[in-house]
Amino acid sequence: LLSSTVSYTSTSSIGAHYVHRPIPSQPHSLSAAFPGLARTTTEKAPHHRQQLSANGSPSAPSTVPNAVSRVPIRQPISVGRATIVANRARQSKNPVLSHIRAVGIEMSNDLVPDFVLGASCCAIFVQVKYHLLHPDYLLRRIKEIGRSYRLRLVLCLVDTEDIKALVDINKIALVNECTLLLSWSWEESARYLETYKAYENKPPTSIMERPDEDYLSKLQDCLGCV
């Protein structure tokens with residue numbers, strides 16, 4: 001490249017003369033051509049040198065600018081399941097509690113019945129052998145509850161073949177407008193309690209009769225009722 005050039009300039013209509021003007025040399029780099037851009041880039045985006053570990057592999061930088069912090073994910077709160085409230089003083093050692101698995105169990109000291117299965121349902125637990133030893137126990141417990149609950153259950157565990165005792169328990173439950181449930185094992189007693197608690201808020205349609213709508217079924221139902 002030439003360091004200078006010759007330009008022809010017309011000064012008058014008679015003569016002309018030549019003027020020598022120097023041409024600036026071209027920059028050898030982008031930073032030399034645009035010094036302001038290079039300075040701004042250097043200030044805003046500093047260069048991070050990659051460090052090498054002892055084995056020669058590139059290691060992660062100790063600090064990363066504008067790092068996004070990890071937000072812990074909150075676990076969903078588990079919804080409490082249905083719970084049977086039991087009388088701690090009377091039923092804490094009852095083996096039937098160990099067989100209740102479908103619903104929860106909560107012990108309470110301020111409870112008159114043995115089990116509370118809902119807002120309007122309670123249960124009294126009694127064994128036939130215990131009734132033979134304490135014949136006044138069941139009647140006294142029913143009177144203690146009174147009319148506080150609309151549905152009062154008498155859950156009786158049949159652990160002896162004394163028919164007279166069963167007749168006496170049935171009479172006490174019937175006279176005092178209680179529902180008598182007989183079970184022959186601890187597991188069966190637990191299933192009764194679980195079922196009443198599970199169906200606490202269920203509509204009665206699940207146990208109601210579902211008649212067929214066809215003509216033959218209606219005819220059979222009509223003739224069978226005569």
# chains A, B, ... in the order shown; residues from 1 in each chain; ligands from 1
>>> residues_around(residues="range 104-106 of chain A", least_positions_apart="2", cutoff="9 Å", atoms="only C-alpha atoms", output="PyMOL selection string")
chain A and resi 80-88+97+100-102+108
>>> atom_distance(atom1="CA of Gln91 in chain A", atom2="CA of Tyr192 in chain A")
16.0 Å
>>> select_by_dssp(residues="range 112-144 of chain A", states="strand (DSSP E)", output="MDAnalysis selection string")
chainID A and resid 115:118 121:127
>>> write_last_selection(atoms="N, CA, C and O atoms", output="compact mmCIF listing (two decimals), in the first residue's frame")
# COMPACT_ATOMS: atom_id res chain seq x y z
N PHE A 115 -66.35 -46.25 71.28
CA PHE A 115 -65.88 -45.80 69.97
C PHE A 115 -66.85 -44.76 69.42
O PHE A 115 -68.07 -44.92 69.55
N VAL A 116 -66.31 -43.74 68.79
CA VAL A 116 -67.09 -42.75 68.07
C VAL A 116 -66.78 -42.91 66.59
O VAL A 116 -65.64 -42.72 66.15
N LEU A 117 -67.79 -43.27 65.81
CA LEU A 117 -67.62 -43.55 64.39
C LEU A 117 -68.12 -42.43 63.49
O LEU A 117 -68.09 -42.57 62.27
N GLY A 118 -68.60 -41.36 64.06
CA GLY A 118 -69.10 -40.24 63.29
C GLY A 118 -69.76 -39.23 64.19
O GLY A 118 -69.79 -39.38 65.43
N CYS A 121 -72.88 -41.29 65.37
CA CYS A 121 -72.77 -42.74 65.49
C CYS A 121 -71.71 -43.09 66.52
O CYS A 121 -70.58 -42.56 66.48
N CYS A 122 -72.05 -44.00 67.42
CA CYS A 122 -71.10 -44.47 68.42
C CYS A 122 -71.30 -45.97 68.62
O CYS A 122 -72.26 -46.55 68.12
N ALA A 123 -70.37 -46.58 69.35
CA ALA A 123 -70.42 -48.03 69.57
C ALA A 123 -69.95 -48.35 70.98
O ALA A 123 -69.05 -47.69 71.52
N ILE A 124 -70.60 -49.37 71.55
CA ILE A 124 -70.20 -49.93 72.84
C ILE A 124 -69.73 -51.36 72.60
O ILE A 124 -70.44 -52.15 71.96
N PHE A 125 -68.55 -51.68 73.09
CA PHE A 125 -67.99 -53.01 72.89
C PHE A 125 -68.17 -53.84 74.15
O PHE A 125 -67.89 -53.37 75.27
N VAL A 126 -68.63 -55.07 73.95
CA VAL A 126 -68.84 -55.96 75.08
C VAL A 126 -68.58 -57.39 74.62
O VAL A 126 -68.83 -57.75 73.47
N GLN A 127 -68.06 -58.20 75.54
CA GLN A 127 -67.86 -59.63 75.31
C GLN A 127 -68.89 -60.43 76.10
O GLN A 127 -69.33 -60.00 77.18
>>> closest_residue(among="A:Val112, A:Ile172, A:Leu166, A:Val103", to="Leu132 in chain A", atoms="only C-alpha atoms")
A:Leu166
>>> residues_around(residues="Pro211 in chain A", least_positions_apart="6", cutoff="10 Å", atoms="only C-alpha atoms", output="list of chain:residue names")
A:Ser217, A:Lys218, A:Asp221
>>> write_last_selection(atoms="N, CA and C atoms", output="CSV table (one decimal), in the first residue's frame")
chain,number,residue,atom,x,y,z
A,217,SER,N,-88.9,-58.2,33.9
A,217,SER,CA,-88.4,-58.0,35.3
A,217,SER,C,-89.5,-57.3,36.1
A,218,LYS,N,-90.2,-56.3,35.5
A,218,LYS,CA,-91.3,-55.7,36.2
A,218,LYS,C,-92.4,-56.7,36.5
A,221,ASP,N,-91.5,-59.0,39.2
A,221,ASP,CA,-91.6,-58.4,40.5
A,221,ASP,C,-93.0,-58.2,41.0
>>> residues_around(residues="range 149-165 of chain A", least_positions_apart="2", cutoff="9 Å", atoms="only C-alpha atoms", output="VMD selection string")
chain A and resid 119 to 129 131 to 132 135 138 142 145 to 147 167 to 170 173 177 to 186 189 192 to 193
>>> atom_distance(atom1="CA of Val96 in chain A", atom2="CA of Arg140 in chain A")
22.3 Å
>>> atom_distance(atom1="CA of Ser148 in chain A", atom2="CA of Asp110 in chain A")
14.3 Å
